[in-house]
Amino acid sequence: MKRAVNIPLHVLPLRGRPRLLVQGREVRLPKKGLALLYYLAVEGPASRARLADLLYGHASGLQNLRVELHRLGKALGRAVFPQGQDPLVLPGWVRLEPGGTGEVLEGLEGVGGLMDWVLEVRDRYASSPGAAGRQRLLEGLASLRPPFLLVLRGRLGTGQKAFARALAGVLGLAFHEALRPEGLVYLEPPYPPLSPRDLLRSRAFLVLRLDPGEEPRFFLELRAHYPPERLRVLELPPLTWAEARREILSGVPFPEAARAYLFAGGEPEWIPEWRACPEGPRRPLAQLRLQTRFLSEPARLALERLSVHPGRIPEEVLDALEAMAYLDELERKGFLVYQGGYRFAREGERRLLYAALAPGRRQELHGRAATALAFSGRPQEEALHRLALGEPVASLLPWPLRQALAGEGGRRRAVGLGGERVLLPLREEGVFAGEKGFWAALVEPGDEARLVLEPLEEVLVLEVAGQAYAPEDTLGLFLGLRASRKEGYVGLRGVFLHRFLAPPGPLALRLFGLGVAEFTLRTFRPRAGGLWALDLTAEEVEEQGKEEGKEQGRGEGDVHP
């Protein structure tokens, strides 16, 4: 899909060798031009004087910077920054990609005077929240001292004020919501009528809340003049599932807790609201509508229409719901993001708008989207809308989902459970160890979680047991087990217990869909019995059975059916 402004997204991978990618292909850039883009992507707008000092560190730095900007535009075939822009602001078609593997900003420390900055960024991302969440963020900020400027980016409901209060406690400072000569001062939109010069003279620890969308002039001026060693821009993440269960949702039954967490997108201010009003909380909706006042009326209505489609929105749906003309505005204001296609910036915001639609309006929009997808041959996306219309969808789904939902194509075998074996995880991606097993929370459509286990040395029965929640208006949450030759899929909803008969070799679990799951893993040697397992073996069971038949009576006496 082409973007509304007809400019392909340019991506800067945070990890590994610094490079600029366009549709997966690298664009060759001068080293200092590339370093400049990375600095703006990580830290936000910066004055020309600061960038010249970082990259060159001598009296002719500004002149060299102007030459570098010209070379950068020539390499990209278009002007990257408007003539005379100061501070420089990264264009919307260049984005930082925080995922991936490798060292953060690998090798960039050798460019200009960036070494200290690169080392600080590595330390910042080394203490990323992960499963530990916001407590680790607070610990990472505990060494900061005023005067300092901390900018908290976040979506609606993120709880920047509560985080600032907690930080004040960690730092041992008094908390204020108006400018004071000392303590921790928290400022949020609409910002007070203060000049950047007033703030720069302050000896307080300033915490500035920055809402999604275009960056206000107040922030740009402050950011351009604040010393880099006294400033940090932090993307405040949603709560992890473990944090929410430990704090806001402590003692709440799993299904109720998982629903509130999932619908709120993990945002701490919205979780209690979804618990109190499961049909659609009013206060978060009012907050979101207050934000949409910055949109033109046609763009706001287009955003509401698009709320019927979760995840990446196909071009056919954008067209059918008459949103194509407003994509640029919706992206610029921060409501949509482009990630290989347009989607809502947060699933929780989409759900709020969707919950506010009248039932008849929902049906009409789902029907328009389903028809457009049917004509364009996109059955799996069509299934999402047919499901909302109450129509059967099994025939539209690919084999893995059909197997998971209806057991199609899965060979099952009767087994018993022999001696238990120890199985260790090798790599976790989105799956986290909990108090009694593992947990995974897939909040955004398209999210996946993986757990790679140590390779099996023999045929074993893998038992996965736990509880899961998936919204009723989605296809669900799914578990796939990939063995050396085959893979099997099951749906996860409510209390579950699934068994897989797995052959020797590599073994990996994959969770996909939308939902929250807590589960345990146990492995056993198979023996004769009446328990059913999804069979992922081929000839391994029969061959191993022949060998073990000779050893019956020597302890476990495993027999393969």
# chains A, B, ... in the order shown; residues from 1 in each chain; ligands from 1

call {"tool": "closest_atom_pairs", "arguments": {"of": "segment 285-361 of chain A", "to": "segment 90-109 of chain A", "cutoff": "10 Å", "atoms": "only C-alpha atoms", "output": "tab-separated table"}}
result
residue	atom	partner	partner_atom	distance
A:Glu331	CA	A:Gly92	CA	8.8
A:Arg332	CA	A:Gly92	CA	7.5
A:Tyr338	CA	A:Trp93	CA	9.2
A:Gln339	CA	A:Arg95	CA	9.9

call {"tool": "write_last_selection", "arguments": {"atoms": "all heavy atoms", "output": "mmCIF file, in the first residue's frame"}}
result
data_model
loop_
_atom_site.group_PDB
_atom_site.id
_atom_site.type_symbol
_atom_site.label_atom_id
_atom_site.label_comp_id
_atom_site.auth_asym_id
_atom_site.auth_seq_id
_atom_site.Cartn_x
_atom_site.Cartn_y
_atom_site.Cartn_z
ATOM 1 N N GLU A 331 -2.421 10.487 10.261
ATOM 2 C CA GLU A 331 -1.075 10.072 10.643
ATOM 3 C C GLU A 331 -0.313 11.230 11.278
ATOM 4 O O GLU A 331 0.363 11.062 12.303
ATOM 5 C CB GLU A 331 -0.321 9.548 9.426
ATOM 6 C CG GLU A 331 1.085 9.035 9.764
ATOM 7 C CD GLU A 331 1.867 8.630 8.528
ATOM 8 O OE1 GLU A 331 1.518 9.077 7.416
ATOM 9 O OE2 GLU A 331 2.837 7.878 8.675
ATOM 10 N N ARG A 332 -0.421 12.386 10.703
ATOM 11 C CA ARG A 332 0.299 13.559 11.211
ATOM 12 C C ARG A 332 -0.138 13.918 12.626
ATOM 13 O O ARG A 332 0.674 14.334 13.458
ATOM 14 C CB ARG A 332 0.079 14.742 10.269
ATOM 15 C CG ARG A 332 1.009 15.920 10.525
ATOM 16 C CD ARG A 332 0.860 16.995 9.470
ATOM 17 N NE ARG A 332 -0.452 17.629 9.499
ATOM 18 C CZ ARG A 332 -1.414 17.437 8.603
ATOM 19 N NH1 ARG A 332 -1.208 16.620 7.586
ATOM 20 N NH2 ARG A 332 -2.586 18.041 8.703
ATOM 21 N N TYR A 338 1.937 4.189 10.285
ATOM 22 C CA TYR A 338 2.177 3.389 9.086
ATOM 23 C C TYR A 338 3.244 2.350 9.390
ATOM 24 O O TYR A 338 4.394 2.680 9.665
ATOM 25 C CB TYR A 338 2.628 4.269 7.920
ATOM 26 C CG TYR A 338 2.674 3.528 6.600
ATOM 27 C CD1 TYR A 338 1.549 3.450 5.790
ATOM 28 C CD2 TYR A 338 3.838 2.895 6.175
ATOM 29 C CE1 TYR A 338 1.585 2.778 4.583
ATOM 30 C CE2 TYR A 338 3.888 2.213 4.974
ATOM 31 C CZ TYR A 338 2.757 2.151 4.184
ATOM 32 O OH TYR A 338 2.793 1.470 2.998
ATOM 33 N N GLN A 339 2.866 1.069 9.368
ATOM 34 C CA GLN A 339 3.785 -0.036 9.613
ATOM 35 C C GLN A 339 3.525 -1.105 8.559
ATOM 36 O O GLN A 339 2.911 -2.131 8.820
ATOM 37 C CB GLN A 339 3.601 -0.599 11.028
ATOM 38 C CG GLN A 339 3.906 0.401 12.128
ATOM 39 C CD GLN A 339 3.535 -0.099 13.512
ATOM 40 O OE1 GLN A 339 2.912 -1.139 13.673
ATOM 41 N NE2 GLN A 339 3.913 0.661 14.526
#

call {"tool": "select_by_dssp", "arguments": {"residues": "segment 218-435 of chain A", "states": "strand (DSSP E)", "output": "PDB file with all heavy atoms, in the first residue's frame"}}
result
ATOM      1  N   LEU A 231      18.932  16.468  29.807  1.00  0.00           N
ATOM      2  CA  LEU A 231      17.637  16.221  29.172  1.00  0.00           C
ATOM      3  C   LEU A 231      17.520  14.752  28.768  1.00  0.00           C
ATOM      4  O   LEU A 231      18.494  14.137  28.334  1.00  0.00           O
ATOM      5  CB  LEU A 231      17.473  17.114  27.942  1.00  0.00           C
ATOM      6  CG  LEU A 231      16.151  17.022  27.181  1.00  0.00           C
ATOM      7  CD1 LEU A 231      15.762  18.375  26.623  1.00  0.00           C
ATOM      8  CD2 LEU A 231      16.252  16.029  26.023  1.00  0.00           C
ATOM      9  N   ARG A 232      16.321  14.202  28.939  1.00  0.00           N
ATOM     10  CA  ARG A 232      16.046  12.856  28.452  1.00  0.00           C
ATOM     11  C   ARG A 232      14.593  12.783  27.993  1.00  0.00           C
ATOM     12  O   ARG A 232      13.698  13.311  28.663  1.00  0.00           O
ATOM     13  CB  ARG A 232      16.287  11.805  29.534  1.00  0.00           C
ATOM     14  CG  ARG A 232      16.083  10.373  29.032  1.00  0.00           C
ATOM     15  CD  ARG A 232      16.447   9.328  30.063  1.00  0.00           C
ATOM     16  NE  ARG A 232      17.863   9.392  30.400  1.00  0.00           N
ATOM     17  CZ  ARG A 232      18.448   8.551  31.253  1.00  0.00           C
ATOM     18  NH1 ARG A 232      17.736   7.599  31.832  1.00  0.00           N
ATOM     19  NH2 ARG A 232      19.732   8.665  31.524  1.00  0.00           N
ATOM     20  N   VAL A 233      14.390  12.150  26.838  1.00  0.00           N
ATOM     21  CA  VAL A 233      13.043  11.926  26.316  1.00  0.00           C
ATOM     22  C   VAL A 233      12.724  10.453  26.489  1.00  0.00           C
ATOM     23  O   VAL A 233      13.467   9.591  26.014  1.00  0.00           O
ATOM     24  CB  VAL A 233      12.942  12.326  24.826  1.00  0.00           C
ATOM     25  CG1 VAL A 233      11.533  12.070  24.304  1.00  0.00           C
ATOM     26  CG2 VAL A 233      13.316  13.799  24.651  1.00  0.00           C
ATOM     27  N   LEU A 234      11.631  10.154  27.176  1.00  0.00           N
ATOM     28  CA  LEU A 234      11.302   8.777  27.533  1.00  0.00           C
ATOM     29  C   LEU A 234       9.922   8.409  26.996  1.00  0.00           C
ATOM     30  O   LEU A 234       8.958   9.145  27.205  1.00  0.00           O
ATOM     31  CB  LEU A 234      11.334   8.616  29.055  1.00  0.00           C
ATOM     32  CG  LEU A 234      10.994   7.240  29.626  1.00  0.00           C
ATOM     33  CD1 LEU A 234      12.041   6.219  29.209  1.00  0.00           C
ATOM     34  CD2 LEU A 234      10.911   7.313  31.144  1.00  0.00           C
ATOM     35  N   GLU A 235       9.854   7.299  26.284  1.00  0.00           N
ATOM     36  CA  GLU A 235       8.562   6.760  25.827  1.00  0.00           C
ATOM     37  C   GLU A 235       8.019   5.897  26.951  1.00  0.00           C
ATOM     38  O   GLU A 235       8.555   4.832  27.262  1.00  0.00           O
ATOM     39  CB  GLU A 235       8.757   5.922  24.564  1.00  0.00           C
ATOM     40  CG  GLU A 235       7.467   5.529  23.885  1.00  0.00           C
ATOM     41  CD  GLU A 235       6.868   6.638  23.044  1.00  0.00           C
ATOM     42  OE1 GLU A 235       7.621   7.433  22.463  1.00  0.00           O
ATOM     43  OE2 GLU A 235       5.624   6.695  22.975  1.00  0.00           O
ATOM     44  N   LEU A 336      -3.199   7.488  13.509  1.00  0.00           N
ATOM     45  CA  LEU A 336      -2.812   6.328  12.717  1.00  0.00           C
ATOM     46  C   LEU A 336      -1.295   6.301  12.596  1.00  0.00           C
ATOM     47  O   LEU A 336      -0.647   7.343  12.629  1.00  0.00           O
ATOM     48  CB  LEU A 336      -3.421   6.373  11.306  1.00  0.00           C
ATOM     49  CG  LEU A 336      -4.948   6.321  11.165  1.00  0.00           C
ATOM     50  CD1 LEU A 336      -5.318   6.295   9.687  1.00  0.00           C
ATOM     51  CD2 LEU A 336      -5.550   5.133  11.892  1.00  0.00           C
ATOM     52  N   VAL A 337      -0.745   5.100  12.460  1.00  0.00           N
ATOM     53  CA  VAL A 337       0.685   4.942  12.173  1.00  0.00           C
ATOM     54  C   VAL A 337       0.806   4.058  10.942  1.00  0.00           C
ATOM     55  O   VAL A 337      -0.105   3.296  10.608  1.00  0.00           O
ATOM     56  CB  VAL A 337       1.440   4.312  13.363  1.00  0.00           C
ATOM     57  CG1 VAL A 337       1.451   5.241  14.554  1.00  0.00           C
ATOM     58  CG2 VAL A 337       0.847   2.960  13.740  1.00  0.00           C
ATOM     59  N   TYR A 338       1.937   4.189  10.285  1.00  0.00           N
ATOM     60  CA  TYR A 338       2.177   3.389   9.086  1.00  0.00           C
ATOM     61  C   TYR A 338       3.244   2.350   9.390  1.00  0.00           C
ATOM     62  O   TYR A 338       4.394   2.680   9.665  1.00  0.00           O
ATOM     63  CB  TYR A 338       2.628   4.269   7.920  1.00  0.00           C
ATOM     64  CG  TYR A 338       2.674   3.528   6.600  1.00  0.00           C
ATOM     65  CD1 TYR A 338       1.549   3.450   5.790  1.00  0.00           C
ATOM     66  CD2 TYR A 338       3.838   2.895   6.175  1.00  0.00           C
ATOM     67  CE1 TYR A 338       1.585   2.778   4.583  1.00  0.00           C
ATOM     68  CE2 TYR A 338       3.888   2.213   4.974  1.00  0.00           C
ATOM     69  CZ  TYR A 338       2.757   2.151   4.184  1.00  0.00           C
ATOM     70  OH  TYR A 338       2.793   1.470   2.998  1.00  0.00           O
ATOM     71  N   TYR A 342      -1.489   1.153   7.064  1.00  0.00           N
ATOM     72  CA  TYR A 342      -2.010   2.005   8.128  1.00  0.00           C
ATOM     73  C   TYR A 342      -2.736   1.182   9.185  1.00  0.00           C
ATOM     74  O   TYR A 342      -3.407   0.193   8.881  1.00  0.00           O
ATOM     75  CB  TYR A 342      -2.956   3.056   7.554  1.00  0.00           C
ATOM     76  CG  TYR A 342      -2.230   4.170   6.860  1.00  0.00           C
ATOM     77  CD1 TYR A 342      -2.044   4.151   5.478  1.00  0.00           C
ATOM     78  CD2 TYR A 342      -1.694   5.234   7.585  1.00  0.00           C
ATOM     79  CE1 TYR A 342      -1.358   5.172   4.838  1.00  0.00           C
ATOM     80  CE2 TYR A 342      -1.005   6.260   6.950  1.00  0.00           C
ATOM     81  CZ  TYR A 342      -0.842   6.221   5.585  1.00  0.00           C
ATOM     82  OH  TYR A 342      -0.148   7.216   4.952  1.00  0.00           O
ATOM     83  N   ARG A 343      -2.586   1.610  10.425  1.00  0.00           N
ATOM     84  CA  ARG A 343      -3.292   0.995  11.556  1.00  0.00           C
ATOM     85  C   ARG A 343      -3.434   2.034  12.653  1.00  0.00           C
ATOM     86  O   ARG A 343      -2.747   3.060  12.649  1.00  0.00           O
ATOM     87  CB  ARG A 343      -2.512  -0.219  12.070  1.00  0.00           C
ATOM     88  CG  ARG A 343      -1.119   0.121  12.587  1.00  0.00           C
ATOM     89  CD  ARG A 343      -0.341  -1.125  12.957  1.00  0.00           C
ATOM     90  NE  ARG A 343      -0.999  -1.863  14.010  1.00  0.00           N
ATOM     91  CZ  ARG A 343      -0.842  -3.166  14.217  1.00  0.00           C
ATOM     92  NH1 ARG A 343      -0.064  -3.871  13.429  1.00  0.00           N
ATOM     93  NH2 ARG A 343      -1.464  -3.764  15.201  1.00  0.00           N
ATOM     94  N   PHE A 344      -4.317   1.763  13.606  1.00  0.00           N
ATOM     95  CA  PHE A 344      -4.463   2.669  14.745  1.00  0.00           C
ATOM     96  C   PHE A 344      -3.172   2.655  15.565  1.00  0.00           C
ATOM     97  O   PHE A 344      -2.518   1.618  15.714  1.00  0.00           O
ATOM     98  CB  PHE A 344      -5.639   2.257  15.619  1.00  0.00           C
ATOM     99  CG  PHE A 344      -6.956   2.821  15.160  1.00  0.00           C
ATOM    100  CD1 PHE A 344      -7.598   2.295  14.047  1.00  0.00           C
ATOM    101  CD2 PHE A 344      -7.534   3.885  15.820  1.00  0.00           C
ATOM    102  CE1 PHE A 344      -8.799   2.818  13.598  1.00  0.00           C
ATOM    103  CE2 PHE A 344      -8.745   4.419  15.388  1.00  0.00           C
ATOM    104  CZ  PHE A 344      -9.371   3.892  14.277  1.00  0.00           C
ATOM    105  N   ARG A 412      -4.845 -37.132  16.002  1.00  0.00           N
ATOM    106  CA  ARG A 412      -4.761 -37.292  17.444  1.00  0.00           C
ATOM    107  C   ARG A 412      -4.455 -38.745  17.788  1.00  0.00           C
ATOM    108  O   ARG A 412      -4.849 -39.659  17.082  1.00  0.00           O
ATOM    109  CB  ARG A 412      -6.056 -36.840  18.125  1.00  0.00           C
ATOM    110  CG  ARG A 412      -6.290 -35.347  17.908  1.00  0.00           C
ATOM    111  CD  ARG A 412      -7.449 -34.808  18.718  1.00  0.00           C
ATOM    112  NE  ARG A 412      -7.575 -33.365  18.508  1.00  0.00           N
ATOM    113  CZ  ARG A 412      -6.921 -32.453  19.215  1.00  0.00           C
ATOM    114  NH1 ARG A 412      -6.109 -32.822  20.183  1.00  0.00           N
ATOM    115  NH2 ARG A 412      -7.075 -31.162  18.954  1.00  0.00           N
ATOM    116  N   ARG A 413      -3.735 -38.916  18.886  1.00  0.00           N
ATOM    117  CA  ARG A 413      -3.298 -40.248  19.295  1.00  0.00           C
ATOM    118  C   ARG A 413      -3.581 -40.416  20.786  1.00  0.00           C
ATOM    119  O   ARG A 413      -3.377 -39.488  21.571  1.00  0.00           O
ATOM    120  CB  ARG A 413      -1.812 -40.416  19.007  1.00  0.00           C
ATOM    121  CG  ARG A 413      -1.254 -41.779  19.330  1.00  0.00           C
ATOM    122  CD  ARG A 413       0.242 -41.815  19.077  1.00  0.00           C
ATOM    123  NE  ARG A 413       0.555 -41.737  17.665  1.00  0.00           N
ATOM    124  CZ  ARG A 413       0.739 -42.805  16.883  1.00  0.00           C
ATOM    125  NH1 ARG A 413       0.603 -44.016  17.386  1.00  0.00           N
ATOM    126  NH2 ARG A 413       1.032 -42.665  15.612  1.00  0.00           N
ATOM    127  N   ALA A 414      -4.016 -41.608  21.163  1.00  0.00           N
ATOM    128  CA  ALA A 414      -4.250 -41.911  22.576  1.00  0.00           C
ATOM    129  C   ALA A 414      -2.924 -42.253  23.234  1.00  0.00           C
ATOM    130  O   ALA A 414      -2.160 -43.087  22.732  1.00  0.00           O
ATOM    131  CB  ALA A 414      -5.212 -43.081  22.713  1.00  0.00           C
ATOM    132  N   VAL A 415      -2.625 -41.573  24.335  1.00  0.00           N
ATOM    133  CA  VAL A 415      -1.365 -41.801  25.046  1.00  0.00           C
ATOM    134  C   VAL A 415      -1.613 -41.808  26.541  1.00  0.00           C
ATOM    135  O   VAL A 415      -2.665 -41.378  27.024  1.00  0.00           O
ATOM    136  CB  VAL A 415      -0.313 -40.717  24.720  1.00  0.00           C
ATOM    137  CG1 VAL A 415       0.056 -40.726  23.255  1.00  0.00           C
ATOM    138  CG2 VAL A 415      -0.813 -39.344  25.153  1.00  0.00           C
ATOM    139  N   GLY A 416      -0.627 -42.287  27.273  1.00  0.00           N
ATOM    140  CA  GLY A 416      -0.587 -42.149  28.710  1.00  0.00           C
ATOM    141  C   GLY A 416       0.631 -41.333  29.074  1.00  0.00           C
ATOM    142  O   GLY A 416       1.489 -41.066  28.229  1.00  0.00           O
ATOM    143  N   LEU A 417       0.730 -40.951  30.329  1.00  0.00           N
ATOM    144  CA  LEU A 417       1.853 -40.135  30.782  1.00  0.00           C
ATOM    145  C   LEU A 417       2.774 -40.977  31.640  1.00  0.00           C
ATOM    146  O   LEU A 417       2.381 -41.459  32.713  1.00  0.00           O
ATOM    147  CB  LEU A 417       1.351 -38.918  31.568  1.00  0.00           C
ATOM    148  CG  LEU A 417       0.374 -37.995  30.825  1.00  0.00           C
ATOM    149  CD1 LEU A 417      -0.003 -36.816  31.712  1.00  0.00           C
ATOM    150  CD2 LEU A 417       0.963 -37.517  29.510  1.00  0.00           C
ATOM    151  N   GLY A 418       3.998 -41.170  31.144  1.00  0.00           N
ATOM    152  CA  GLY A 418       4.998 -41.900  31.906  1.00  0.00           C
ATOM    153  C   GLY A 418       5.797 -40.968  32.791  1.00  0.00           C
ATOM    154  O   GLY A 418       5.270 -39.997  33.332  1.00  0.00           O
ATOM    155  N   GLY A 419       7.085 -41.245  32.920  1.00  0.00           N
ATOM    156  CA  GLY A 419       7.917 -40.426  33.784  1.00  0.00           C
ATOM    157  C   GLY A 419       8.058 -39.007  33.262  1.00  0.00           C
ATOM    158  O   GLY A 419       8.153 -38.779  32.057  1.00  0.00           O
ATOM    159  N   GLU A 420       8.081 -38.049  34.193  1.00  0.00           N
ATOM    160  CA  GLU A 420       8.198 -36.649  33.785  1.00  0.00           C
ATOM    161  C   GLU A 420       9.649 -36.307  33.472  1.00  0.00           C
ATOM    162  O   GLU A 420      10.578 -36.805  34.104  1.00  0.00           O
ATOM    163  CB  GLU A 420       7.673 -35.736  34.891  1.00  0.00           C
ATOM    164  CG  GLU A 420       7.582 -34.274  34.476  1.00  0.00           C
ATOM    165  CD  GLU A 420       6.805 -33.424  35.458  1.00  0.00           C
ATOM    166  OE1 GLU A 420       6.320 -33.966  36.475  1.00  0.00           O
ATOM    167  OE2 GLU A 420       6.680 -32.213  35.196  1.00  0.00           O
ATOM    168  N   ARG A 421       9.828 -35.467  32.470  1.00  0.00           N
ATOM    169  CA  ARG A 421      11.147 -35.029  32.041  1.00  0.00           C
ATOM    170  C   ARG A 421      11.267 -33.515  32.231  1.00  0.00           C
ATOM    171  O   ARG A 421      10.276 -32.784  32.163  1.00  0.00           O
ATOM    172  CB  ARG A 421      11.388 -35.379  30.565  1.00  0.00           C
ATOM    173  CG  ARG A 421      11.485 -36.883  30.328  1.00  0.00           C
ATOM    174  CD  ARG A 421      12.801 -37.408  30.911  1.00  0.00           C
ATOM    175  NE  ARG A 421      13.000 -38.817  30.641  1.00  0.00           N
ATOM    176  CZ  ARG A 421      12.686 -39.803  31.487  1.00  0.00           C
ATOM    177  NH1 ARG A 421      12.135 -39.501  32.650  1.00  0.00           N
ATOM    178  NH2 ARG A 421      12.930 -41.061  31.173  1.00  0.00           N
ATOM    179  N   PRO A 425      13.604 -23.767  28.763  1.00  0.00           N
ATOM    180  CA  PRO A 425      13.471 -22.783  27.674  1.00  0.00           C
ATOM    181  C   PRO A 425      14.831 -22.245  27.268  1.00  0.00           C
ATOM    182  O   PRO A 425      15.699 -22.015  28.109  1.00  0.00           O
ATOM    183  CB  PRO A 425      12.601 -21.683  28.290  1.00  0.00           C
ATOM    184  CG  PRO A 425      12.813 -21.805  29.770  1.00  0.00           C
ATOM    185  CD  PRO A 425      13.094 -23.253  30.045  1.00  0.00           C
ATOM    186  N   LEU A 426      15.022 -22.051  25.965  1.00  0.00           N
ATOM    187  CA  LEU A 426      16.269 -21.506  25.449  1.00  0.00           C
ATOM    188  C   LEU A 426      16.151 -20.020  25.131  1.00  0.00           C
ATOM    189  O   LEU A 426      17.101 -19.256  25.304  1.00  0.00           O
ATOM    190  CB  LEU A 426      16.697 -22.260  24.180  1.00  0.00           C
ATOM    191  CG  LEU A 426      17.085 -23.733  24.353  1.00  0.00           C
ATOM    192  CD1 LEU A 426      17.481 -24.322  23.014  1.00  0.00           C
ATOM    193  CD2 LEU A 426      18.231 -23.873  25.348  1.00  0.00           C
ATOM    194  N   ARG A 427      14.988 -19.605  24.625  1.00  0.00           N
ATOM    195  CA  ARG A 427      14.819 -18.209  24.217  1.00  0.00           C
ATOM    196  C   ARG A 427      13.359 -17.813  24.356  1.00  0.00           C
ATOM    197  O   ARG A 427      12.461 -18.556  23.964  1.00  0.00           O
ATOM    198  CB  ARG A 427      15.282 -18.017  22.774  1.00  0.00           C
ATOM    199  CG  ARG A 427      15.342 -16.555  22.357  1.00  0.00           C
ATOM    200  CD  ARG A 427      16.018 -16.366  21.011  1.00  0.00           C
ATOM    201  NE  ARG A 427      15.221 -16.880  19.900  1.00  0.00           N
ATOM    202  CZ  ARG A 427      15.482 -17.990  19.245  1.00  0.00           C
ATOM    203  NH1 ARG A 427      16.520 -18.733  19.588  1.00  0.00           N
ATOM    204  NH2 ARG A 427      14.734 -18.391  18.232  1.00  0.00           N
ATOM    205  N   GLU A 428      13.137 -16.642  24.937  1.00  0.00           N
ATOM    206  CA  GLU A 428      11.780 -16.141  25.139  1.00  0.00           C
ATOM    207  C   GLU A 428      11.626 -14.817  24.412  1.00  0.00           C
ATOM    208  O   GLU A 428      12.441 -13.915  24.591  1.00  0.00           O
ATOM    209  CB  GLU A 428      11.499 -15.958  26.630  1.00  0.00           C
ATOM    210  CG  GLU A 428      11.661 -17.229  27.446  1.00  0.00           C
ATOM    211  CD  GLU A 428      11.741 -16.969  28.934  1.00  0.00           C
ATOM    212  OE1 GLU A 428      11.663 -15.783  29.316  1.00  0.00           O
ATOM    213  OE2 GLU A 428      11.903 -17.917  29.707  1.00  0.00           O
ATOM    214  N   GLU A 429      10.601 -14.700  23.592  1.00  0.00           N
ATOM    215  CA  GLU A 429      10.309 -13.464  22.864  1.00  0.00           C
ATOM    216  C   GLU A 429       8.837 -13.133  23.080  1.00  0.00           C
ATOM    217  O   GLU A 429       7.963 -13.669  22.420  1.00  0.00           O
ATOM    218  CB  GLU A 429      10.605 -13.628  21.371  1.00  0.00           C
ATOM    219  CG  GLU A 429      12.051 -13.984  21.055  1.00  0.00           C
ATOM    220  CD  GLU A 429      12.256 -14.340  19.595  1.00  0.00           C
ATOM    221  OE1 GLU A 429      11.300 -14.172  18.815  1.00  0.00           O
ATOM    222  OE2 GLU A 429      13.353 -14.793  19.248  1.00  0.00           O
ATOM    223  N   PHE A 432       6.991 -14.473  29.095  1.00  0.00           N
ATOM    224  CA  PHE A 432       7.753 -14.134  30.290  1.00  0.00           C
ATOM    225  C   PHE A 432       7.499 -15.163  31.386  1.00  0.00           C
ATOM    226  O   PHE A 432       6.390 -15.704  31.503  1.00  0.00           O
ATOM    227  CB  PHE A 432       7.374 -12.737  30.794  1.00  0.00           C
ATOM    228  CG  PHE A 432       7.634 -11.652  29.798  1.00  0.00           C
ATOM    229  CD1 PHE A 432       6.612 -11.175  28.988  1.00  0.00           C
ATOM    230  CD2 PHE A 432       8.898 -11.115  29.649  1.00  0.00           C
ATOM    231  CE1 PHE A 432       6.843 -10.178  28.058  1.00  0.00           C
ATOM    232  CE2 PHE A 432       9.139 -10.113  28.719  1.00  0.00           C
ATOM    233  CZ  PHE A 432       8.114  -9.648  27.929  1.00  0.00           C
ATOM    234  N   ALA A 433       8.514 -15.417  32.178  1.00  0.00           N
ATOM    235  CA  ALA A 433       8.375 -16.332  33.301  1.00  0.00           C
ATOM    236  C   ALA A 433       7.609 -15.646  34.420  1.00  0.00           C
ATOM    237  O   ALA A 433       7.908 -14.506  34.787  1.00  0.00           O
ATOM    238  CB  ALA A 433       9.754 -16.777  33.783  1.00  0.00           C
ATOM    239  N   GLY A 434       6.601 -16.335  34.944  1.00  0.00           N
ATOM    240  CA  GLY A 434       5.817 -15.816  36.052  1.00  0.00           C
ATOM    241  C   GLY A 434       6.070 -16.610  37.309  1.00  0.00           C
ATOM    242  O   GLY A 434       6.993 -17.424  37.382  1.00  0.00           O
TER     243      GLY A 434
END

call {"tool": "select_by_dssp", "arguments": {"residues": "segment 151-309 of chain A", "states": "alpha helix (DSSP H)", "output": "JSON, numbers by chain"}}
result
{"A": [160, 161, 162, 163, 164, 165, 166, 167, 168, 169, 170, 171, 196, 197, 198, 199, 200, 201, 217, 218, 219, 220, 221, 222, 223, 224, 225, 241, 242, 243, 244, 245, 246, 254, 255, 256, 257, 258, 259, 260, 261, 262, 263, 271, 272, 273, 274, 275, 276, 282, 283, 284, 285, 286, 287, 288, 289, 290, 291, 297, 298, 299, 300, 301, 302, 303, 304, 305, 306]}

call {"tool": "closest_residue", "arguments": {"among": "A:Glu267, A:Glu214, A:Glu182, A:Asp473", "to": "Leu236 of chain A", "atoms": "only C-alpha atoms"}}
result
A:Glu267

call {"tool": "closest_residue", "arguments": {"among": "A:Ala355, A:Leu405, A:Leu514, A:Leu318", "to": "Tyr469 of chain A", "atoms": "only C-alpha atoms"}}
result
A:Leu514

call {"tool": "closest_atom_pairs", "arguments": {"of": "segment 217-297 of chain A", "to": "segment 31-48 of chain A", "cutoff": "7 Å", "atoms": "only C-alpha atoms", "output": "CSV"}}
result
residue,atom,partner,partner_atom,distance
A:Leu220,CA,A:Pro45,CA,6.4
A:Arg223,CA,A:Ala46,CA,6.6
A:Ala224,CA,A:Ser47,CA,4.9
A:Val233,CA,A:Glu43,CA,6.2

call {"tool": "atom_distance", "arguments": {"atom1": "atom CA of Pro147 of chain A", "atom2": "atom CA of Pro227 of chain A"}}
result
10.4 Å

call {"tool": "closest_residue", "arguments": {"among": "A:Gly213, A:Pro238, A:Pro30, A:Gly466", "to": "Phe294 of chain A", "atoms": "only C-alpha atoms"}}
result
A:Gly213

call {"tool": "closest_residue", "arguments": {"among": "A:Leu156, A:Arg361, A:Leu210, A:Gly311", "to": "Gln287 of chain A", "atoms": "only C-alpha atoms"}}
result
A:Leu156

call {"tool": "residues_around", "arguments": {"residues": "Arg246 of chain A", "least_positions_apart": "2", "cutoff": "12 Å", "atoms": "only C-alpha atoms", "output": "PyMOL selection string"}}
result
chain A and resi 132-133+135+239-244+248-252+257+434-435
